[in-house]
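Following: one structure in structure tokens, then a few remarks.
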Protein chains: 2
Amino acid sequence: MAGVDAPRTGAQRKADALAALGERDAGVWVASASPEGAAHLVPLSFAWNGTHVILAGEISARTTRNIVDAKVARLGFGGTRDVVMIDAVLAEAIPAVDVPPAVGDGYAGQCDWDPRSVEGDFAYLLLRPKRVQVWREANEIAGRTVMRDGAWTV
Amino acid sequence: MAGVDAPRTGAQRKADALAALGERDAGVWVASASPEGAAHLVPLSFAWNGTHVILAGEISARTTRNIVDAKVARLGFGGTRDVVMIDAVLAEAIPAVDVPPAVGDGYAGQCDWDPRSVEGDFAYLLLRPKRVQVWREANEIAGRTVMRDGAWTV
């Protein structure tokens, strides 16, 4: 985005965040850390059910283990100059074999794959956004927080 | 990228990684963690001097503090479906007032800003790639590691 664009309103940023969350077959950068303080970062598919970001990963994967341990993740949607950054709290981790159809079907419907149909022991991670920040360039740093403590501020 | 594309050779992936590192005015997703295991993620500008990724950040910023403490960072270049992932080791952290001209000018030449010219106490972080992984879709997971222990494997 050109740096000269006028900063978006809070309402527009919220709408853009929800549009990013609803995008079909898209990816998100997922940052997590081990209890010992080793940072990890991977791109993953995601779904959004209106209240939770849903990720799926192998139960043995570093990202899955880190999030199950720490109960939090930091999620970067969009590009580095058109950012939706979400600090999220783990609400539930569900092995694929136990996942409710609404969650499994919702994930498969928004993503390009279905963890229930492939080899491996997968788990779904339901992450509740706690803070949402939306910005493009420096002139949007102010006002970038559109959700705080789990509540939209705009 | 379409999932049906043939996987790239290792040499091509290395070339694509170097092209990503040399991109002008681009951003990188920087994952770091505190000693207590709190993951952080921010998009930052970067430069590449042929051996080190150069980041700049306020000395008081979480990412700067995390990397100075942990001496490592994980860097995601490109998009979530066209990834260059670099695990890097901190070689040097240099306050902006002390930075050698070659580093400061190199950063300013590749990025769209110069930390020496703005308010605030900035530091340059020189990060040496230790592992580089390059992949797009599932068919490129095999062979994605093109640098291991600081040495190109291809």
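Here's how to read the names in the structure tokens: chain A, B, ... by the order shown, residue numbers from 1 in each chain, ligand numbers from 1 in the order shown.
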**Request:** Return the neighbours of chain A among the residues of chain B, cut-off 6 Å, counting only C-alpha atoms, as JSON, numbers by chain.
**Result:** {"B": [27, 32, 33, 34, 35, 36, 37, 39, 43, 80]}
**Message:** Please identify the alpha helix (DSSP H) residues within chain B (assignment by DSSP from backbone atoms) and present them as a PyMOL selection string.
**Reply:** chain B and resi 10-22+62-70+101-110
**Message:** Given only C-alpha atoms as the basis, pick out the residue of B:Leu18, B:Ile141, B:Ala47, B:Asp69 nearest to B:Gly109.
**Reply:**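 Selected residue with least distance to B:Gly109: B:Ala47.
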**Request:** Identify which of the residues B:Pro129, B:Gly120, B:Pro115, B:Pro7 lies closest to B:Leu21, counting only C-alpha atoms when measuring atom-to-atom distances.
**Result:**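 Smallest separation from B:Leu21 among the options: B:Pro129.
Atom CA of A:Val132 lies 9.8 Å from atom CA of A:Arg13.
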**Request:** In Å, rounded to a single decimal, give me how far atom CA of A:His52 is from atom CA of A:Phe122.
**Result:**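 Separation between atom CA of A:Phe122 and atom CA of A:His52: 18.0 Å.
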**Request:** May I have all residues of stretch 2-154 of chain A that DSSP, computed from the backbone, assigns to strand (DSSP E or B), given as a PyMOL selection string?
**Result:** chain A and resi 27-33+39-45+47-48+53-58+72-79+82-95+122-135+145-148+151-152
**Asked** Looking at A:Pro101, A:Ala108, A:Lys130, A:Val89, which one is nearest to A:Thr145, with distances taken over only C-alpha atoms?
**Response**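 Checking each candidate against A:Thr145, we get A:Lys130 as the closest.
Among B:Met147, B:Ala102, B:Ser117, B:Leu55, the residue with the shortest atom-to-atom distance to B:Ala17, counting only C-alpha atoms, is B:Met147.
The residue that comes closest to B:Leu126, out of B:Asp98, B:Glu92, B:Glu58, B:Asp25 and on the basis of only C-alpha atoms, is B:Glu92.
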**Prompt:** What does the distance between atom CA of A:Ala61 and atom CA of A:Asp114 come to in Å, to one decimal place?
**Reply:** 17.1 Å
